[in-house]
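Student: Structure provided below as structure tokens; questions to follow.
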Amino acid sequence: MAVRLASTLIALVSIIAIFGSAQASDQPTIVNLMITAGVPPEATAEEKKAGEIGLVNLYTNISSRDLVATIFSTQDFIDTRGRIRLTRMGLESEFEFAMSGKHSDEKLSDLSYLEQSRLLETSKRYVESTVVCGTNVINARGFMPQSFDQNEDTYDALDLLEIEYSAGFQAGLLFEPGHENDVWPYPVEGHNFLAVPVSTLDLSGDRVVLHDGSFSDAGMDGDEWYAALVGKFDEIEGKDEPMVVSLTNTVSGSGEYLDALNRFMDYAISQNATFVTTIQLVEMARSGVQDASELPEAAAPEECPECGEGEDGINATITVIDDIEANATEAEGTWS
């Protein structure tokens with residue numbers, strides 16, 4: 001499959017090079033970039049630093065184009081100096097902050113309901129702690145499981161936490177019964193949240209998910225990833241279908257995959273695409289509104305979480321903006 005996929009993607013690159021950009025549609029294509037921020041299991045100091053720099057690079061390149069994305073952070077990532085980076089991003093941008101699990105190689109389906117509930121509750125508090133107390137508040141409304149791994153116990157735990165969506169689905173590949181053809185977020189029967197399908201692309205008879213890790217694991221290079229992104233964009237342009245892309249700070253945060261993302265964003269901008277956060281995509285699906293700018297602003301939580309240490313040792317907030325500047329290490333690029 002990998003050889004056939006590579007051949008098809010090379011052909012897509014050639015087509016793009018020969019014929020250039022497609023004509024822009026009157027109906028803007030909706031693009032949602034999801035970023036999972038994590039570090040490898042038992043990460044070394046260098047790997048932790050690389051993970052931090054990867055997220056900074058993604059944030060800088062997206063925000064410098066006045067675009068938005070959703071960041072799903074693991075507990076392990078927030079336990080690094082990445083917490084400081086996330087805190088500053090929350091102050092400076094309109095990015096959405098949502099939760100993932102504890103670490104990058106976990107399988108929630110191997111855990112009991114009680115274990116999952118405790119883990120996800122802690123993950124939610126971790127994300128919501130990346131604030132400056134008294135200045136901003138984060139309400140984690142969404143969830144992305146590692147490796148798209150979740151089960152009915154996960155669903156029950158998400159309901160308990162009042163999570164509004166799970167992004168652990170793939171259009172036409174990993175879906176709830178009766179929703180094989182759904183590309184927009186849809187309600188999960190018997191639960192209180194919506195399923196958000198990550199986009200998929202048909203290549204030589206194989207359907208593949210638009211997840212950078214899947215392409216990287218298959219040995220695909222940056223040009224092939226770019227061809228897949230542009231190929232999907234052109235496929236849905238003018239149709240009632242959003243483009244939902246799953247990125248990671250460890251793959252797309254540097255090198256040829258970051259270059260490919262930058263090229264894709266410039267292409268999408270040239271075609272008048274509209275970039276939205278995942279919760280905006282969910283609200284669009286709920287309301288039927290096709291223009292993200294017409295969505296009502298979400299009400300901020302009424303109270304700021306208490307500052308200080310939780311019983312499990314979580315540093316609940318960073319209280320002084322100057323601490324961010326004092327503790328942050330220099331990364332590639334600059335803050336906008």
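Chain labels follow the order of the structure tokens: the first chain is A, the next B, and so on; residue numbering restarts at 1 in every chain, and ligands are counted from 1 in their shown order.
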Going by DSSP on the backbone, which bits of range 201-232 of chain A are alpha helix (DSSP H)? Write them as a PyMOL selection string, please.
Tutor: chain A and resi 212-217+222-232
Student: Quick one: residues within 10 Å of range 176-185 of chain A, only C-alpha atoms counted, chain neighbours fewer than 2 positions away excluded, as a PyMOL selection string?
Tutor: chain A and resi 165-167+169-174+187-189+193-200+240-244+278-279+281-286
Student: Interatomic distance between CA of Asp266 in chain A and CA of Ser216 in chain A?
Tutor: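 It comes out at 21.8 Å.
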Student: Here is a test: counting only C-alpha atoms, which residue of A:Ser204, A:Gln146, A:Ser246, A:Thr80 is nearest to Ile53 in chain A?
Tutor: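 The closest residue to Ile53 in chain A is A:Thr80.
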Student: Quick one: which range 95-209 of chain A residues come within 10 Å of range 35-39 of chain A, and what is the nearest atom pair for each with the distance in Å to one decimal, counting only C-alpha atoms, rows ordered by chain and ascending number, as a Markdown table?
Tutor:
| residue | atom | partner | partner_atom | distance |
| --- | --- | --- | --- | --- |
| A:Phe97 | CA | A:Ile35 | CA | 9.8 |
| A:Ala98 | CA | A:Thr36 | CA | 9.3 |
| A:Met99 | CA | A:Thr36 | CA | 8.8 |
| A:Ser100 | CA | A:Thr36 | CA | 7.4 |
| A:Gly101 | CA | A:Gly38 | CA | 9.4 |
| A:Lys102 | CA | A:Gly38 | CA | 9.1 |
| A:His103 | CA | A:Gly38 | CA | 6.9 |
| A:Ser104 | CA | A:Gly38 | CA | 6.0 |
| A:Asp105 | CA | A:Val39 | CA | 9.6 |
| A:Met144 | CA | A:Thr36 | CA | 7.7 |
| A:Pro145 | CA | A:Thr36 | CA | 9.4 |
| A:Gln146 | CA | A:Thr36 | CA | 8.6 |
Student: For the residues selected in the previous step, produce a file with C-alpha atoms as a PDB file, in the first residue's frame.
Tutor:
ATOM      1  CA  PHE A  97      -7.203  24.820  23.708  1.00  0.00           C
ATOM      2  CA  ALA A  98      -8.526  21.286  24.139  1.00  0.00           C
ATOM      3  CA  MET A  99      -7.326  18.102  25.781  1.00  0.00           C
ATOM      4  CA  SER A 100      -5.696  14.847  24.812  1.00  0.00           C
ATOM      5  CA  GLY A 101      -4.617  12.081  27.183  1.00  0.00           C
ATOM      6  CA  LYS A 102      -1.684  11.598  29.518  1.00  0.00           C
ATOM      7  CA  HIS A 103       1.029  10.547  27.055  1.00  0.00           C
ATOM      8  CA  SER A 104       1.545   9.923  23.355  1.00  0.00           C
ATOM      9  CA  ASP A 105       1.482   6.111  23.285  1.00  0.00           C
ATOM     10  CA  MET A 144      -8.541  14.119  20.792  1.00  0.00           C
ATOM     11  CA  PRO A 145      -7.566  10.558  21.801  1.00  0.00           C
ATOM     12  CA  GLN A 146      -4.082   9.311  21.032  1.00  0.00           C
TER      13      GLN A 146
END
Student: Asp202 in chain A: which residues within 10 Å, counting only C-alpha atoms, same-chain residues fewer than 6 positions away excluded, as a ChimeraX atom specification?
Tutor: /A:5,208-209,228,231-232
Student: Save out the residues we just selected, N, CA and C atoms, as a compact mmCIF listing (two decimals), in the first residue's frame.
Tutor:
# COMPACT_ATOMS: atom_id res chain seq x y z
N LEU A 5 0.58 4.23 -2.63
CA LEU A 5 0.24 5.56 -2.12
C LEU A 5 1.28 6.58 -2.54
N VAL A 208 -7.18 7.07 3.00
CA VAL A 208 -6.19 7.38 4.03
C VAL A 208 -6.62 8.63 4.78
N VAL A 209 -6.32 8.66 6.07
CA VAL A 209 -6.70 9.79 6.91
C VAL A 209 -5.67 10.90 6.78
N ALA A 228 -1.15 15.62 -0.93
CA ALA A 228 -2.38 15.08 -0.33
C ALA A 228 -3.27 16.20 0.20
N GLY A 231 -4.62 18.06 -2.78
CA GLY A 231 -5.55 17.18 -3.48
C GLY A 231 -6.90 17.12 -2.79
N LYS A 232 -6.90 17.03 -1.46
CA LYS A 232 -8.15 17.00 -0.72
C LYS A 232 -8.87 18.34 -0.83
Student: DSSP on the backbone, then: every residue of range 39-140 of chain A marked strand (DSSP E), written as a PyMOL selection string.
Tutor: chain A and resi 70-73+96-99
Student: If I take CA of Glu237 in chain A and CA of Val251 in chain A, how far is one from the other in Å, to one decimal?
Tutor: 26.4 Å
Student: Could you tell me which of A:Gly253, A:Ser270, A:Gly90, A:Asp153 comes closest to Glu52 in chain A if we count only C-alpha atoms?
Tutor: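 Selected residue with least distance to Glu52 in chain A: A:Gly253.
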Student: For range 119-121 of chain A, please output as a compact mmCIF listing (two decimals) with C-alpha atoms, in the first residue's frame all residues within 12 Å (counting only C-alpha atoms; exclusion window: fewer than 3 positions along the same chain).
Tutor:
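Here's the written file out_30.txt:
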# COMPACT_ATOMS: atom_id res chain seq x y z
CA SER A 73 -2.23 18.91 24.71
CA THR A 74 -1.16 15.82 26.61
CA GLN A 75 -0.34 15.92 30.30
CA ALA A 98 -8.53 21.29 24.14
CA MET A 99 -7.33 18.10 25.78
CA SER A 100 -5.70 14.85 24.81
CA GLY A 101 -4.62 12.08 27.18
CA LYS A 102 -1.68 11.60 29.52
CA HIS A 103 1.03 10.55 27.05
CA GLU A 106 -1.51 5.44 25.54
CA LYS A 107 -4.41 3.18 24.62
CA LEU A 108 -7.50 4.32 26.47
CA LEU A 111 -8.17 1.05 30.70
CA SER A 112 -11.27 0.64 32.83
CA TYR A 113 -13.99 3.27 32.96
CA LEU A 114 -12.75 4.46 36.36
CA GLU A 115 -9.16 4.73 35.12
CA GLN A 116 -10.24 6.63 32.02
CA LYS A 124 -8.93 18.66 31.45
CA ARG A 125 -7.53 20.36 34.55
CA TYR A 126 -4.04 20.37 33.05
CA VAL A 127 -5.22 22.22 29.95
CA GLU A 128 -7.34 24.64 31.94
CA ALA A 140 -11.44 22.74 27.49
CA GLY A 142 -12.99 19.11 23.15
CA PHE A 143 -10.92 15.93 23.15
CA MET A 144 -8.54 14.12 20.79
CA PRO A 145 -7.57 10.56 21.80
CA GLN A 150 -11.37 5.29 22.42
CA ASP A 153 -16.09 3.90 28.50
CA THR A 154 -14.32 6.91 26.99
CA TYR A 155 -17.67 8.22 25.78
CA ASP A 156 -19.17 7.90 29.26
CA ALA A 157 -16.18 9.69 30.79
CA LEU A 158 -16.49 12.52 28.26
CA ASP A 159 -20.17 12.91 29.14
CA LEU A 160 -19.28 13.11 32.82
CA LEU A 161 -16.82 15.94 32.07
CA GLU A 162 -19.36 17.72 29.82
CA ILE A 163 -16.96 17.56 26.87
CA ASP A 312 -2.01 15.91 42.74
Student: Excluding Leu55 in chain A and residues on its chain fewer than 6 positions from it, collect all residues at most 12 Å away from it, counting only C-alpha atoms, and give them as a ChimeraX atom specification.
Tutor: /A:34-39,48-49,61-63,69-73,77-78,81-86,89,247-254,258,331-333,335
Student: Please produce an output containing N, CA and C atoms for each residue in the selection, written as a short mmCIF file (atom, residue, chain, number, x, y, z; two decimals), in the first residue's frame.
Tutor:
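result.cif written:
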data_model
loop_
_atom_site.label_atom_id
_atom_site.label_comp_id
_atom_site.auth_asym_id
_atom_site.auth_seq_id
_atom_site.Cartn_x
_atom_site.Cartn_y
_atom_site.Cartn_z
N MET A 34 -6.01 20.74 13.38
CA MET A 34 -5.91 20.21 14.74
C MET A 34 -4.45 19.88 15.02
N ILE A 35 -3.93 20.36 16.13
CA ILE A 35 -2.54 20.10 16.50
C ILE A 35 -2.52 19.32 17.81
N THR A 36 -1.97 18.13 17.80
CA THR A 36 -1.77 17.39 19.05
C THR A 36 -0.36 17.67 19.54
N ALA A 37 -0.26 18.26 20.73
CA ALA A 37 1.03 18.61 21.32
C ALA A 37 1.42 17.54 22.34
N GLY A 38 2.50 16.84 22.04
CA GLY A 38 2.96 15.79 22.94
C GLY A 38 4.46 15.62 22.86
N VAL A 39 4.97 14.72 23.66
CA VAL A 39 6.39 14.36 23.63
C VAL A 39 6.47 12.84 23.61
N LYS A 48 12.12 16.75 24.71
CA LYS A 48 11.15 17.69 25.27
C LYS A 48 11.32 19.07 24.66
N LYS A 49 12.58 19.50 24.52
CA LYS A 49 12.84 20.80 23.91
C LYS A 49 12.38 20.82 22.46
N ASN A 61 3.83 29.99 12.60
CA ASN A 61 3.53 29.98 11.17
C ASN A 61 2.04 30.10 10.89
N ILE A 62 1.22 29.56 11.76
CA ILE A 62 -0.23 29.68 11.58
C ILE A 62 -0.71 31.07 11.97
N SER A 63 -0.31 31.53 13.15
CA SER A 63 -0.81 32.82 13.64
C SER A 63 -0.26 33.99 12.82
N ALA A 69 -6.22 27.65 14.90
CA ALA A 69 -6.16 26.20 14.96
C ALA A 69 -6.59 25.78 16.36
N THR A 70 -6.69 24.48 16.57
CA THR A 70 -6.99 23.93 17.89
C THR A 70 -5.79 23.11 18.35
N ILE A 71 -5.37 23.32 19.59
CA ILE A 71 -4.25 22.58 20.17
C ILE A 71 -4.78 21.62 21.23
N PHE A 72 -4.51 20.32 21.03
CA PHE A 72 -4.86 19.28 21.99
C PHE A 72 -3.58 18.87 22.70
N SER A 73 -3.48 19.16 23.98
CA SER A 73 -2.23 18.91 24.71
C SER A 73 -2.34 17.69 25.61
N PHE A 77 3.16 16.77 27.88
CA PHE A 77 3.66 17.99 27.25
C PHE A 77 3.51 19.18 28.20
N ILE A 78 2.38 19.27 28.88
CA ILE A 78 2.16 20.40 29.79
C ILE A 78 3.11 20.32 30.99
N ARG A 81 8.36 22.58 29.79
CA ARG A 81 8.30 24.03 29.65
C ARG A 81 7.30 24.46 28.58
N GLY A 82 6.74 23.48 27.89
CA GLY A 82 5.67 23.78 26.94
C GLY A 82 4.49 24.45 27.60
N ARG A 83 4.32 24.22 28.92
CA ARG A 83 3.24 24.89 29.66
C ARG A 83 3.35 26.41 29.52
N ILE A 84 4.56 26.92 29.59
CA ILE A 84 4.76 28.37 29.49
C ILE A 84 4.39 28.85 28.10
N ARG A 85 4.80 28.08 27.09
CA ARG A 85 4.46 28.44 25.72
C ARG A 85 2.95 28.46 25.52
N LEU A 86 2.26 27.43 26.01
CA LEU A 86 0.81 27.37 25.88
C LEU A 86 0.14 28.55 26.57
N MET A 89 0.48 31.56 24.38
CA MET A 89 -0.40 31.43 23.21
C MET A 89 -1.84 31.75 23.58
N LEU A 247 -2.62 17.29 12.81
CA LEU A 247 -1.18 17.54 12.83
C LEU A 247 -0.61 17.19 14.20
N THR A 248 0.70 17.00 14.25
CA THR A 248 1.39 16.80 15.52
C THR A 248 2.62 17.71 15.56
N ASN A 249 2.98 18.14 16.77
CA ASN A 249 4.16 18.98 16.90
C ASN A 249 5.44 18.22 16.60
N THR A 250 5.41 16.89 16.73
CA THR A 250 6.62 16.10 16.51
C THR A 250 6.88 15.82 15.04
N VAL A 251 5.86 15.86 14.19
CA VAL A 251 6.04 15.63 12.75
C VAL A 251 6.01 16.94 11.97
N SER A 252 4.97 17.73 12.17
CA SER A 252 4.79 18.96 11.38
C SER A 252 5.44 20.19 12.00
N GLY A 253 6.11 20.01 13.12
CA GLY A 253 6.70 21.16 13.80
C GLY A 253 8.04 21.60 13.26
N SER A 254 8.58 20.89 12.27
CA SER A 254 9.88 21.28 11.72
C SER A 254 10.08 20.59 10.37
N LEU A 258 6.72 20.83 7.98
CA LEU A 258 6.35 22.21 8.28
C LEU A 258 6.35 23.04 7.01
N ALA A 331 13.32 29.76 20.99
CA ALA A 331 13.02 28.70 20.02
C ALA A 331 13.18 29.26 18.62
N GLU A 332 13.10 28.37 17.63
CA GLU A 332 13.22 28.82 16.25
C GLU A 332 12.09 29.78 15.95
N GLY A 333 12.38 30.82 15.19
CA GLY A 333 11.37 31.81 14.85
C GLY A 333 11.18 32.78 15.99
N TRP A 335 8.12 35.20 18.27
CA TRP A 335 6.70 35.40 18.56
C TRP A 335 6.23 36.60 17.78
#
Student: Separation of CA of Ala273 in chain A and CA of Val31 in chain A, in Å?
Tutor: 6.8 Å
Student: For Phe95 in chain A, which residue out of A:Gln280, A:Thr135, A:Asn192, A:Ser287 is the nearest one, using only C-alpha atoms?
Tutor: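 Closest candidate: A:Gln280.
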Student: Which residue, A:Ile236, A:Ala43, A:Leu261, A:Val132, has the smallest gap to Glu224 in chain A when you use only C-alpha atoms?
Tutor: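 Looking only at the distances to Glu224 in chain A, the closest residue turns out to be A:Leu261.
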